[in-house]
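upload.txt, holding compact mmCIF, C-alpha atoms:
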```txt
# COMPACT_ATOMS: atom_id res chain seq x y z
CA MET A 1 184.30 22.76 -39.60
CA ALA A 2 183.35 23.14 -43.21
CA ILE A 3 186.96 23.28 -44.35
CA ASN A 4 190.15 21.43 -43.63
CA SER A 5 193.71 22.11 -44.62
CA SER A 6 194.92 18.59 -45.37
CA VAL A 7 195.38 19.26 -49.09
CA LEU A 8 197.13 22.57 -48.49
CA ASP A 9 199.28 21.08 -45.73
CA GLU A 10 200.92 18.88 -48.38
CA TYR A 11 202.43 22.05 -49.82
CA LYS A 12 204.18 23.00 -46.59
CA GLU A 13 207.37 21.17 -47.43
CA VAL A 14 207.84 22.45 -50.94
CA MET A 15 206.70 26.02 -50.27
CA GLY A 16 208.70 26.37 -47.07
CA ASP A 17 208.45 29.85 -45.57
CA ASP A 18 206.26 30.98 -48.45
CA TRP A 19 203.46 28.59 -47.49
CA GLY A 20 201.49 31.19 -45.51
CA GLU A 21 201.55 33.65 -48.37
CA PHE A 22 200.74 30.87 -50.81
CA VAL A 23 197.59 29.83 -48.93
CA ALA A 24 196.53 33.43 -48.31
CA ASP A 25 196.79 34.10 -52.02
CA LEU A 26 194.68 31.05 -52.85
CA ILE A 27 192.03 32.01 -50.33
CA ASP A 28 191.85 35.54 -51.72
CA THR A 29 191.47 34.22 -55.22
CA PHE A 30 188.77 31.77 -54.22
CA LEU A 31 186.82 34.30 -52.22
CA SER A 32 186.82 36.74 -55.12
CA ASN A 33 186.12 34.11 -57.77
CA GLY A 34 183.71 31.87 -55.86
CA PRO A 35 180.67 34.15 -55.94
CA ARG A 36 181.14 34.47 -59.68
CA LEU A 37 180.99 30.70 -60.07
CA ILE A 38 177.65 30.65 -58.23
CA THR A 39 176.31 33.51 -60.35
CA ASP A 40 177.56 31.83 -63.53
CA MET A 41 175.72 28.65 -62.58
CA ARG A 42 172.47 30.54 -61.99
CA GLN A 43 172.85 32.41 -65.25
CA ALA A 44 173.77 29.22 -67.12
CA TYR A 45 170.65 27.50 -65.79
CA SER A 46 168.41 30.33 -66.93
CA ASP A 47 170.18 30.41 -70.32
CA ASN A 48 170.00 26.63 -70.47
CA ASP A 49 173.75 26.63 -71.13
CA LEU A 50 174.73 23.20 -69.90
CA GLU A 51 178.36 23.67 -70.82
CA VAL A 52 178.90 26.72 -68.64
CA LEU A 53 176.92 25.13 -65.83
CA GLU A 54 179.06 22.02 -65.99
CA ARG A 55 182.32 23.95 -66.07
CA SER A 56 181.43 26.28 -63.22
CA ALA A 57 180.27 23.37 -61.10
CA HIS A 58 183.49 21.53 -61.95
CA SER A 59 185.60 24.51 -60.86
CA LEU A 60 183.64 24.87 -57.65
CA LYS A 61 184.15 21.18 -56.97
CA SER A 62 187.93 21.39 -57.53
CA ASN A 63 188.22 24.43 -55.32
CA GLY A 64 186.02 22.83 -52.67
CA LYS A 65 188.33 19.83 -52.58
CA THR A 66 191.37 22.08 -52.40
CA PHE A 67 190.10 23.67 -49.19
CA GLY A 68 188.74 20.44 -47.76
CA ALA A 69 185.17 21.73 -48.15
CA THR A 70 183.83 18.28 -48.94
CA GLN A 71 180.14 19.05 -48.64
CA LEU A 72 180.44 21.95 -51.03
CA ALA A 73 182.53 19.80 -53.38
CA ASP A 74 179.93 17.03 -53.31
CA VAL A 75 177.04 19.34 -54.17
CA ALA A 76 179.09 20.92 -56.94
CA PHE A 77 179.84 17.45 -58.25
CA GLU A 78 176.15 16.60 -58.39
CA LEU A 79 175.51 19.76 -60.38
CA GLU A 80 178.42 18.94 -62.67
CA GLN A 81 177.04 15.47 -63.33
CA MET A 82 173.52 16.73 -63.96
CA ALA A 83 174.74 19.30 -66.46
CA GLY A 84 177.11 16.82 -68.07
CA MET A 85 174.39 14.27 -68.63
CA GLY A 86 171.88 16.92 -69.69
CA GLU A 87 169.48 15.96 -66.92
CA LEU A 88 168.62 19.17 -65.14
CA GLN A 89 166.09 18.39 -62.41
CA ASP A 90 165.56 21.57 -60.41
CA PRO A 91 169.18 22.56 -60.18
CA GLU A 92 168.03 25.80 -58.63
CA ASP A 93 167.66 24.17 -55.22
CA LYS A 94 171.09 22.66 -55.45
CA ILE A 95 172.62 25.92 -56.59
CA ASN A 96 171.06 27.71 -53.66
CA PHE A 97 172.35 25.02 -51.35
CA ALA A 98 175.82 25.34 -52.87
CA ASP A 99 175.62 29.07 -52.32
CA SER A 100 174.76 28.74 -48.65
CA LEU A 101 177.55 26.20 -48.17
CA PHE A 102 179.89 28.61 -49.90
CA GLN A 103 178.96 31.34 -47.41
CA ILE A 104 179.94 29.09 -44.50
CA VAL A 105 183.16 28.08 -46.20
CA LYS A 106 183.83 31.71 -46.94
CA SER A 107 183.62 32.80 -43.32
CA GLU A 108 185.85 29.94 -42.16
CA LEU A 109 188.39 30.75 -44.84
CA GLU A 110 188.34 34.39 -43.83
CA GLU A 111 189.10 33.27 -40.30
CA LEU A 112 191.97 31.10 -41.52
CA ARG A 113 193.20 33.95 -43.65
CA GLY A 114 193.42 36.13 -40.59
CA THR A 115 195.90 33.74 -38.99
CA LEU A 116 198.30 33.69 -41.94
CA MET B 1 221.66 19.77 -90.34
CA LEU B 2 223.13 22.78 -88.60
CA ASP B 3 219.55 23.88 -87.88
CA THR B 4 218.88 20.66 -85.99
CA LEU B 5 222.00 21.20 -83.89
CA GLU B 6 221.02 24.76 -83.13
CA ILE B 7 217.58 23.69 -82.04
CA ILE B 8 219.02 20.98 -79.82
CA GLU B 9 221.32 23.48 -78.19
CA SER B 10 218.57 25.95 -77.50
CA PHE B 11 216.16 23.30 -76.28
CA SER B 12 218.28 20.76 -74.53
CA TYR B 13 218.34 20.81 -70.79
CA THR B 14 219.76 18.74 -68.05
CA TYR B 15 218.28 20.41 -65.03
CA MET B 16 214.70 20.94 -63.91
CA GLU B 17 215.33 24.70 -64.07
CA LYS B 18 215.55 24.82 -67.83
CA LEU B 19 212.32 22.96 -68.46
CA SER B 20 209.67 25.25 -69.89
CA VAL B 21 206.06 24.56 -68.98
CA LEU B 22 202.75 25.78 -70.34
CA ILE B 23 199.74 25.44 -68.04
CA ALA B 24 196.27 25.41 -69.56
CA GLU B 25 193.74 25.87 -66.76
CA ASP B 26 190.65 28.06 -66.69
CA ASP B 27 190.08 28.16 -62.92
CA PRO B 28 192.17 30.92 -61.27
CA VAL B 29 192.64 29.10 -57.96
CA GLN B 30 193.89 25.90 -59.61
CA ARG B 31 196.02 27.91 -61.95
CA LYS B 32 197.65 29.79 -59.10
CA MET B 33 198.40 26.58 -57.25
CA LEU B 34 200.17 25.16 -60.26
CA VAL B 35 202.11 28.31 -61.00
CA SER B 36 203.29 28.67 -57.41
CA LEU B 37 204.30 25.04 -57.17
CA LEU B 38 206.12 24.88 -60.48
CA THR B 39 207.85 28.21 -59.96
CA GLN B 40 209.00 26.99 -56.56
CA LEU B 41 210.46 23.94 -58.33
CA GLY B 42 212.51 26.29 -60.49
CA LEU B 43 210.64 25.76 -63.75
CA HIS B 44 209.91 28.37 -66.36
CA VAL B 45 206.14 28.70 -66.34
CA ARG B 46 203.57 30.25 -68.69
CA THR B 47 199.82 30.08 -68.42
CA ALA B 48 196.79 30.02 -70.68
CA GLU B 49 193.18 30.25 -69.59
CA ASP B 50 191.79 27.97 -72.23
CA GLY B 51 192.75 25.53 -74.96
CA GLN B 52 192.74 28.07 -77.76
CA GLU B 53 195.05 30.44 -75.91
CA ALA B 54 197.35 27.54 -75.05
CA TRP B 55 197.47 26.47 -78.69
CA GLU B 56 198.26 29.99 -79.90
CA GLN B 57 201.02 30.34 -77.33
CA LEU B 58 202.58 27.07 -78.46
CA GLN B 59 202.59 28.28 -82.04
CA GLU B 60 204.53 31.33 -81.03
CA GLN B 61 206.81 29.77 -78.50
CA PRO B 62 206.88 26.03 -77.90
CA ALA B 63 207.16 24.47 -74.44
CA HIS B 64 208.77 21.22 -73.33
CA LEU B 65 205.84 20.30 -71.10
CA VAL B 66 202.15 21.10 -71.24
CA ILE B 67 199.97 20.58 -68.18
CA THR B 68 196.35 20.87 -69.14
CA ASP B 69 192.98 20.66 -67.50
CA TRP B 70 190.27 18.68 -69.19
CA LEU B 71 187.25 20.91 -69.06
CA MET B 72 187.90 24.38 -70.42
CA PRO B 73 185.84 26.94 -72.35
CA GLY B 74 186.14 26.75 -76.12
CA MET B 75 188.77 24.16 -76.92
CA SER B 76 188.78 21.36 -74.35
CA GLY B 77 191.88 19.69 -72.95
CA LYS B 78 191.27 16.69 -75.17
CA GLU B 79 191.08 18.86 -78.29
CA LEU B 80 194.28 20.62 -77.26
CA VAL B 81 196.02 17.27 -76.86
CA GLU B 82 194.79 16.13 -80.26
CA LYS B 83 195.96 19.34 -81.89
CA ILE B 84 199.41 19.11 -80.32
CA ARG B 85 199.83 15.54 -81.46
CA GLY B 86 198.54 16.41 -84.89
CA GLU B 87 201.23 18.99 -85.54
CA LYS B 88 204.94 18.59 -85.99
CA PHE B 89 206.92 20.64 -83.53
CA ASP B 90 210.71 20.82 -83.45
CA HIS B 91 210.76 18.45 -80.53
CA TYR B 92 208.45 16.27 -78.50
CA ILE B 93 205.98 18.03 -76.22
CA TYR B 94 205.25 16.04 -73.08
CA ILE B 95 201.64 16.36 -71.94
CA ILE B 96 200.30 15.82 -68.43
CA LEU B 97 196.56 15.81 -67.96
CA LEU B 98 194.75 17.12 -64.89
CA THR B 99 191.84 14.80 -64.23
CA SER B 100 189.17 14.32 -61.61
CA LYS B 101 188.92 11.21 -59.52
CA ASP B 102 185.41 10.66 -60.75
CA ASP B 103 186.12 10.65 -64.45
CA SER B 104 187.87 7.48 -65.50
CA GLY B 105 186.39 7.88 -68.95
CA ASP B 106 188.25 11.14 -69.38
CA LEU B 107 191.47 9.50 -68.33
CA VAL B 108 191.32 6.78 -70.96
CA SER B 109 190.30 9.09 -73.78
CA GLY B 110 192.96 11.59 -72.70
CA LEU B 111 195.77 9.06 -72.82
CA THR B 112 194.44 7.68 -76.08
CA ALA B 113 194.30 11.17 -77.56
CA GLY B 114 197.99 11.51 -76.82
CA ALA B 115 198.57 12.66 -73.27
CA ASP B 116 201.64 11.05 -71.69
CA ASP B 117 200.56 11.02 -68.07
CA TYR B 118 197.94 12.35 -65.68
CA VAL B 119 197.49 13.58 -62.14
CA THR B 120 194.22 13.47 -60.28
CA LYS B 121 192.97 16.65 -58.67
CA PRO B 122 193.52 17.68 -55.97
CA PHE B 123 196.99 16.36 -56.58
CA ASN B 124 199.75 15.83 -54.09
CA PRO B 125 202.56 18.28 -54.97
CA LYS B 126 205.22 15.61 -54.50
CA GLU B 127 203.41 13.36 -56.93
CA LEU B 128 203.30 16.07 -59.58
CA GLU B 129 206.95 16.78 -58.98
CA ALA B 130 207.75 13.10 -59.50
CA ARG B 131 205.75 12.95 -62.69
CA ILE B 132 207.57 15.99 -63.97
CA SER B 133 210.85 14.14 -63.35
CA VAL B 134 209.50 11.35 -65.50
CA ALA B 135 208.73 13.89 -68.19
CA GLN B 136 212.30 15.13 -67.95
CA ARG B 137 213.63 11.64 -68.37
CA ILE B 138 211.58 11.05 -71.49
CA LEU B 139 212.51 14.42 -72.95
CA LYS B 140 216.18 13.72 -72.29
CA LEU B 141 215.86 10.42 -74.15
CA GLU B 142 214.38 12.26 -77.07
CA ASP B 143 217.23 14.78 -76.99
CA GLU B 144 219.75 11.96 -77.15
CA LEU B 145 217.88 10.39 -80.02
CA LEU B 146 217.95 13.63 -81.97
CA ASN B 147 221.66 14.01 -81.29
CA THR B 148 222.34 10.48 -82.45
CA LYS B 149 220.26 11.08 -85.55
CA SER B 150 222.22 14.16 -86.58
CA GLU B 151 225.49 12.44 -85.79
CA LEU B 152 224.43 9.58 -88.05
CA GLU B 153 223.44 12.01 -90.77
CA ARG B 154 226.82 13.64 -90.46
CA LEU B 155 228.68 10.36 -90.64
CA ALA B 156 226.64 9.33 -93.64
CA ALA B 157 227.44 12.50 -95.54
CA TYR B 158 231.02 13.25 -94.69
CA ASP B 159 234.26 11.52 -95.46
CA GLY B 160 235.87 10.36 -92.25
CA LEU B 161 239.46 11.14 -93.21
CA THR B 162 239.17 14.59 -94.75
CA GLY B 163 235.89 15.87 -93.30
CA LEU B 164 234.74 16.73 -96.82
CA LEU B 165 231.44 15.72 -98.34
CA ASN B 166 231.55 12.15 -99.52
CA ARG B 167 230.65 11.25 -103.08
CA ARG B 168 227.01 10.46 -102.41
CA ALA B 169 226.36 13.61 -100.39
CA PHE B 170 228.25 15.77 -102.89
CA THR B 171 226.20 14.38 -105.77
CA GLU B 172 222.91 14.93 -103.93
CA ARG B 173 223.75 18.50 -103.11
CA ALA B 174 225.22 19.20 -106.51
CA GLU B 175 221.92 18.17 -108.11
CA VAL B 176 220.06 20.59 -105.87
CA GLU B 177 222.51 23.41 -106.61
CA LEU B 178 222.35 22.80 -110.33
CA ASN B 179 218.58 22.82 -110.34
CA ARG B 180 218.67 26.12 -108.57
CA ALA B 181 221.23 27.49 -110.99
CA LYS B 182 218.96 26.43 -113.86
CA ARG B 183 216.02 28.25 -112.31
CA GLU B 184 218.11 31.38 -111.84
CA ASN B 185 219.80 31.01 -115.21
CA TRP B 186 223.28 30.89 -113.75
CA PRO B 187 226.23 29.15 -115.38
CA ALA B 188 228.04 26.36 -113.56
CA GLY B 189 231.39 24.67 -113.55
CA VAL B 190 232.87 21.50 -112.13
CA ILE B 191 236.53 21.24 -111.12
CA PHE B 192 238.02 17.77 -110.82
CA PHE B 193 241.53 17.31 -109.50
CA ASP B 194 243.70 14.56 -108.24
CA ILE B 195 247.17 14.17 -106.83
CA ASP B 196 249.93 13.58 -109.35
CA ASN B 197 251.60 10.19 -108.98
CA PHE B 198 249.74 9.35 -105.84
CA LYS B 199 250.25 5.64 -106.27
CA GLN B 200 254.04 6.02 -106.22
CA PHE B 201 253.58 8.29 -103.28
CA ASN B 202 251.90 5.62 -101.22
CA ASP B 203 254.47 3.07 -102.36
CA THR B 204 257.34 5.32 -101.32
CA TYR B 205 256.05 6.83 -98.13
CA GLY B 206 253.33 4.44 -97.01
CA HIS B 207 249.59 4.85 -96.69
CA ALA B 208 249.71 6.68 -93.38
CA VAL B 209 251.62 9.52 -95.00
CA GLY B 210 249.34 9.31 -98.01
CA ASP B 211 246.39 9.88 -95.69
CA GLU B 212 248.07 12.90 -94.17
CA VAL B 213 248.59 14.36 -97.62
CA LEU B 214 244.91 13.90 -98.41
CA GLN B 215 243.99 15.72 -95.22
CA HIS B 216 246.32 18.59 -95.92
CA LEU B 217 245.05 18.85 -99.45
CA ALA B 218 241.50 19.16 -98.20
CA SER B 219 242.39 22.09 -95.99
CA VAL B 220 244.69 23.85 -98.48
CA VAL B 221 242.06 23.70 -101.21
CA SER B 222 239.23 24.73 -98.87
CA SER B 223 240.90 28.12 -98.59
CA ALA B 224 241.14 28.40 -102.37
CA ILE B 225 237.40 28.22 -102.93
CA ARG B 226 234.46 30.25 -101.61
CA PRO B 227 232.39 29.06 -98.62
CA TYR B 228 229.32 28.56 -100.78
CA ASP B 229 231.06 26.35 -103.34
CA LEU B 230 230.61 22.61 -102.94
CA PHE B 231 233.73 20.62 -102.19
CA GLY B 232 233.89 16.88 -101.84
CA ARG B 233 236.12 13.86 -101.89
CA TRP B 234 235.17 11.93 -104.97
CA ALA B 235 237.27 8.78 -104.59
CA GLY B 236 240.75 7.80 -103.38
CA ASP B 237 242.83 10.84 -104.25
CA GLU B 238 240.24 12.49 -106.49
CA PHE B 239 238.49 15.64 -105.37
CA ILE B 240 235.67 17.65 -106.86
CA CYS B 241 234.22 21.16 -106.65
CA LEU B 242 231.01 22.63 -107.95
CA ILE B 243 231.21 26.32 -108.75
CA THR B 244 227.96 28.07 -109.64
CA ALA B 245 227.04 31.60 -110.63
CA SER B 246 230.54 32.58 -111.69
CA PHE B 247 231.95 33.72 -115.00
CA GLU B 248 234.14 31.28 -116.84
CA GLU B 249 237.15 33.44 -116.17
CA SER B 250 236.54 33.49 -112.44
CA THR B 251 235.97 29.78 -112.38
CA GLN B 252 239.20 29.24 -114.20
CA THR B 253 240.91 31.52 -111.69
CA ILE B 254 239.69 29.25 -108.95
CA ALA B 255 240.97 26.16 -110.79
CA GLU B 256 244.35 27.80 -111.21
CA ARG B 257 244.40 28.90 -107.61
CA ILE B 258 243.80 25.34 -106.49
CA ARG B 259 246.67 24.09 -108.60
CA LYS B 260 248.99 26.85 -107.44
CA GLN B 261 248.18 26.65 -103.74
CA VAL B 262 248.87 22.95 -103.71
CA ALA B 263 252.07 23.28 -105.70
CA SER B 264 253.44 26.14 -103.65
CA SER B 265 252.53 24.88 -100.23
CA THR B 266 254.82 22.40 -98.63
CA ILE B 267 252.75 19.68 -97.18
CA ARG B 268 254.26 18.80 -93.86
CA THR B 269 253.87 15.23 -92.86
CA SER B 270 255.40 13.05 -90.20
CA ASN B 271 257.91 12.23 -92.93
CA GLY B 272 259.08 15.79 -93.35
CA ALA B 273 258.09 18.29 -96.04
CA ILE B 274 256.93 16.68 -99.25
CA PRO B 275 256.25 18.38 -102.56
CA VAL B 276 252.82 17.59 -103.95
CA THR B 277 251.10 18.68 -107.12
CA VAL B 278 247.66 18.17 -108.61
CA SER B 279 246.31 18.00 -112.12
CA VAL B 280 243.07 19.91 -112.57
CA GLY B 281 240.27 19.39 -115.06
CA MET B 282 237.58 22.02 -115.35
CA ALA B 283 234.25 21.78 -117.18
CA TYR B 284 232.16 24.87 -117.73
CA GLN B 285 228.63 25.20 -119.00
CA ASN B 286 227.33 28.58 -120.12
CA GLU B 287 223.94 27.38 -121.26
CA LEU B 288 222.82 25.79 -118.09
CA GLN B 289 219.51 24.69 -119.49
CA GLU B 290 221.50 22.26 -121.59
CA ALA B 291 223.58 20.99 -118.76
CA SER B 292 223.36 18.02 -116.47
CA LEU B 293 225.63 17.00 -113.64
CA ASP B 294 226.64 13.89 -115.55
CA ALA B 295 227.65 15.89 -118.59
CA LEU B 296 229.71 18.26 -116.49
CA LEU B 297 231.38 15.36 -114.72
CA LEU B 298 232.20 13.71 -117.98
CA ASP B 299 233.77 16.85 -119.36
CA ALA B 300 235.68 17.55 -116.16
CA ASP B 301 237.05 14.04 -116.29
CA LYS B 302 238.12 14.49 -119.89
CA ALA B 303 239.78 17.77 -119.01
CA LEU B 304 241.61 16.14 -116.11
CA TYR B 305 242.85 13.44 -118.43
CA GLU B 306 244.05 16.12 -120.80
CA ALA B 307 245.93 17.91 -118.01
CA LYS B 308 247.64 14.68 -117.01
CA GLY B 309 248.57 13.95 -120.60
CA LYS B 310 250.13 17.40 -121.03
CA GLY B 311 252.55 16.92 -118.16
CA ARG B 312 250.65 17.22 -114.88
CA ASN B 313 250.65 20.08 -112.38
CA ARG B 314 248.44 22.11 -114.69
CA ILE B 315 244.84 22.84 -115.51
CA ALA B 316 242.80 22.01 -118.59
CA VAL B 317 239.43 23.45 -119.45
CA ILE B 318 236.50 22.20 -121.50
CA SER B 319 233.79 24.78 -121.86
CA ASN B 320 230.43 24.82 -123.58
```
Can the structure from this file be put into structure tokens for me?
Amino acid sequence: MAINSSVLDEYKEVMGDDWGEFVADLIDTFLSNGPRLITDMRQAYSDNDLEVLERSAHSLKSNGKTFGATQLADVAFELEQMAGMGELQDPEDKINFADSLFQIVKSELEELRGTL
Amino acid sequence: MLDTLEIIESFSYTYMEKLSVLIAEDDPVQRKMLVSLLTQLGLHVRTAEDGQEAWEQLQEQPAHLVITDWLMPGMSGKELVEKIRGEKFDHYIYIILLTSKDDSGDLVSGLTAGADDYVTKPFNPKELEARISVAQRILKLEDELLNTKSELERLAAYDGLTGLLNRRAFTERAEVELNRAKRENWPAGVIFFDIDNFKQFNDTYGHAVGDEVLQHLASVVSSAIRPYDLFGRWAGDEFICLITASFEESTQTIAERIRKQVASSTIRTSNGAIPVTVSVGMAYQNELQEASLDALLLDADKALYEAKGKGRNRIAVISN
């Protein structure tokens, strides 16, 4: 499993009956925003815009952690660090890898979404 | 001073529900999580997608609590914190930082820049809730401090017995009013009055009754003057009014009204109804550019002395 719900489970108590809707909403937002983060990173790399690259990677990392997608979060973190330190060594490979991880996460989230 | 009280009333809170929060977070997923959680907790929530938007929102409508991410387009979380701390708002804004586990450097610089607390992403909702309670506690302390401060200001400016301005506060405000009158080219007058034979009064009826008379005098005379005139207790049984932007005739009418209202009202005390009269000295200055508060006071005092000498329960006027 590329995702796990341990972070989101912590919201069960406070959200009560609204938890299902809460998680569904988050998944929808991530699935619509995620691809844009990947695209932004690619564009930032070609524009040599380290700031945008760092921020997009940072967002992807946070979201990855939220859904328990640790591998995706780790790769995003590496990209964030590289951009933050100004040491871009072939980020393209990493971005592609992040993208493929995102696709897996996406399908698992869609499955989870279906149960809510 | 009234402004401070009004602000406190509109901003004070006791319950979580009244706390207003501004979230500055550029990622939509993180933003949604925060909004849902805080709304569920009963808080009033607003959002901004970057530091600049957050700053502009605060200018328009302040918040009690700001929860901000670190990395945002344009103005970063750190810059937002610095800006908030650099500006004087009507009350303290509590700031919670959203940090990443991997950035301890951010944490230190964030707290140093002025953030009050932090939560590490992804945060446990119960932990954030607890930290918001802490924020509430601190904000409540600040509320109490502000209340105490205005209470102290009030005590320092008002006479305990009569509720009128004390001498120091009257003098401070009179200076301000006179300066304004000078700028506007208005005339000004000072009315001094004191209770006739007050010493015998206290000797006959006792100081407790004397105090009651002073209180009654304050309220009787308050209705004889306009709300924008200054009225204070000068000393013992001496009272003083500053009347600006009135013709000499009108000012004299006020002086006479004071005398008459005191003389004609029966002051009811725990000792029964007692007749009380005042002697009134009025000083008037047409050419305000020449005037000073001291000069007006001096003349008013002279006029009061004159009124006493001529038999009491009357007014005397010195005008320039």
Selection near Tyr94 of chain B, 7 Å with all atoms listed in the file, sequence-local residues under 5 positions removed, as a list in words: His64, Leu65, Val66, Asp116 and Ala135 of chain B
Using all atoms listed in the file, which residues sit within 8 Å of Asp211 of chain B once same-chain residues fewer than 4 positions away are excluded, as a PyMOL selection string? chain B and resi 161+207+215
Would you tabulate, counting only C-alpha atoms, all residues of segment 243-279 of chain B that have an atom at most 12 Å from an atom of segment 166-180 of chain B, showing the closest pair of atoms and their distance in Å to one decimal, sorted by chain then ascending number, as CSV?
```
residue,atom,partner,partner_atom,distance
B:Ile243,CA,B:Glu177,CA,9.4
B:Thr244,CA,B:Leu178,CA,7.7
B:Ala245,CA,B:Leu178,CA,10.0
```
Give me the residues near Ala73 of chain A as a ChimeraX atom specification, where near means some atom within 8 Å (using only C-alpha atoms) and where sequence neighbours in that chain fewer than 4 positions away do not count. /A:60-65,69,77
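Residue list for chain B within 9 Å of chain A: B:Asp26, B:Asp27, B:Pro28, B:Val29, B:Gln30, B:Lys32, B:Met33, B:Ser36, B:Leu37, B:Gln40, B:Leu41, B:Leu71, B:Met72, B:Pro73, B:Ser100, B:Lys121, B:Pro122, B:Phe123, B:Asn124, B:Pro125, B:Lys126, counting all atoms listed in the file.
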Enter the distance from atom CA of Pro187 of chain B to atom CA of Asn286 of chain B, in Å, rounded to one decimal. 4.9 Å
In the coordinate frame of the file, compute which residues have an atom within 12 Å of (212.9, 23.9, -60.8) when using all atoms listed in the file, and state them as a PyMOL selection string. (chain A and resi 14) or (chain B and resi 13-21+35-45+129+132-133+136)
Find the spatial neighbours of Leu298 of chain B, counting all atoms listed in the file, within a cut-off of 12 Å - ignore same-chain residues fewer than 3 positions away - and output them as a PDB file with C-alpha atoms, keeping the file's coordinate frame.
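selection-v6.pdb, written as the output of this step:
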```
ATOM      1  CA  GLY B 189     231.390  24.670-113.550  1.00  0.00           C
ATOM      2  CA  VAL B 190     232.870  21.500-112.130  1.00  0.00           C
ATOM      3  CA  ILE B 191     236.530  21.240-111.120  1.00  0.00           C
ATOM      4  CA  PHE B 192     238.020  17.770-110.820  1.00  0.00           C
ATOM      5  CA  GLY B 281     240.270  19.390-115.060  1.00  0.00           C
ATOM      6  CA  MET B 282     237.580  22.020-115.350  1.00  0.00           C
ATOM      7  CA  ALA B 283     234.250  21.780-117.180  1.00  0.00           C
ATOM      8  CA  TYR B 284     232.160  24.870-117.730  1.00  0.00           C
ATOM      9  CA  ALA B 291     223.580  20.990-118.760  1.00  0.00           C
ATOM     10  CA  SER B 292     223.360  18.020-116.470  1.00  0.00           C
ATOM     11  CA  LEU B 293     225.630  17.000-113.640  1.00  0.00           C
ATOM     12  CA  ASP B 294     226.640  13.890-115.550  1.00  0.00           C
ATOM     13  CA  ALA B 295     227.650  15.890-118.590  1.00  0.00           C
ATOM     14  CA  ASP B 301     237.050  14.040-116.290  1.00  0.00           C
ATOM     15  CA  LYS B 302     238.120  14.490-119.890  1.00  0.00           C
ATOM     16  CA  ALA B 303     239.780  17.770-119.010  1.00  0.00           C
ATOM     17  CA  LEU B 304     241.610  16.140-116.110  1.00  0.00           C
ATOM     18  CA  TYR B 305     242.850  13.440-118.430  1.00  0.00           C
ATOM     19  CA  ILE B 318     236.500  22.200-121.500  1.00  0.00           C
ATOM     20  CA  SER B 319     233.790  24.780-121.860  1.00  0.00           C
TER      21      SER B 319
END
```
Nearest to Gly20 of chain A by atom-to-atom distance, counting all atoms listed in the file, from A:Ala98, A:Leu116, A:Val105, A:Leu53: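 Smallest distance to Gly20 of chain A is found for A:Leu116.
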Box centre and edge lengths (Å, one decimal), axis-aligned, segment 262-279 of chain B plus 6 Å each side, as JSON:
```
{"center_x": 252.7, "center_y": 19.2, "center_z": -101.2, "size_x": 24.8, "size_y": 25.9, "size_z": 33.9}
```
Which value, in Å to one decimal, gives the distance between atom CA of Ser246 of chain B and atom CA of Ala300 of chain B? 16.5 Å
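Of note, atom CA of Gly210 of chain B and atom CA of Val278 of chain B are spaced 13.9 Å apart.
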Which residue out of B:Ser270, B:Asn320, B:Asn197, B:Ser219 has the minimum interatomic distance to Asp237 of chain B when only C-alpha atoms are used?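 Looking only at the distances to Asp237 of chain B, the closest residue turns out to be B:Asn197.
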Atoms are missing here; could segment 158-167 of chain B be completed with N, CA and C atoms and written as an mmCIF file, keeping the file's coordinate frame?
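After the write, part.cif holds the following:
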```
data_model
loop_
_atom_site.group_PDB
_atom_site.id
_atom_site.type_symbol
_atom_site.label_atom_id
_atom_site.label_comp_id
_atom_site.auth_asym_id
_atom_site.auth_seq_id
_atom_site.Cartn_x
_atom_site.Cartn_y
_atom_site.Cartn_z
ATOM 1 N N TYR B 158 229.664 12.718 -94.637
ATOM 2 C CA TYR B 158 231.020 13.250 -94.690
ATOM 3 C C TYR B 158 232.088 12.172 -94.681
ATOM 4 N N ASP B 159 233.133 12.434 -95.408
ATOM 5 C CA ASP B 159 234.260 11.520 -95.460
ATOM 6 C C ASP B 159 235.029 11.578 -94.147
ATOM 7 N N GLY B 160 235.253 10.425 -93.563
ATOM 8 C CA GLY B 160 235.870 10.360 -92.250
ATOM 9 C C GLY B 160 237.266 10.963 -92.197
ATOM 10 N N LEU B 161 238.065 10.706 -93.224
ATOM 11 C CA LEU B 161 239.460 11.140 -93.210
ATOM 12 C C LEU B 161 239.606 12.652 -93.413
ATOM 13 N N THR B 162 238.938 13.187 -94.401
ATOM 14 C CA THR B 162 239.170 14.590 -94.750
ATOM 15 C C THR B 162 238.119 15.534 -94.210
ATOM 16 N N GLY B 163 236.959 15.004 -93.785
ATOM 17 C CA GLY B 163 235.890 15.870 -93.300
ATOM 18 C C GLY B 163 235.132 16.531 -94.449
ATOM 19 N N LEU B 164 235.458 16.169 -95.674
ATOM 20 C CA LEU B 164 234.740 16.730 -96.820
ATOM 21 C C LEU B 164 233.489 15.914 -97.100
ATOM 22 N N LEU B 165 232.620 16.466 -97.910
ATOM 23 C CA LEU B 165 231.440 15.720 -98.340
ATOM 24 C C LEU B 165 231.895 14.449 -99.038
ATOM 25 N N ASN B 166 231.205 13.348 -98.776
ATOM 26 C CA ASN B 166 231.550 12.150 -99.520
ATOM 27 C C ASN B 166 230.841 12.198 -100.879
ATOM 28 N N ARG B 167 231.141 11.217 -101.695
ATOM 29 C CA ARG B 167 230.650 11.250 -103.080
ATOM 30 C C ARG B 167 229.140 11.340 -103.164
#
```
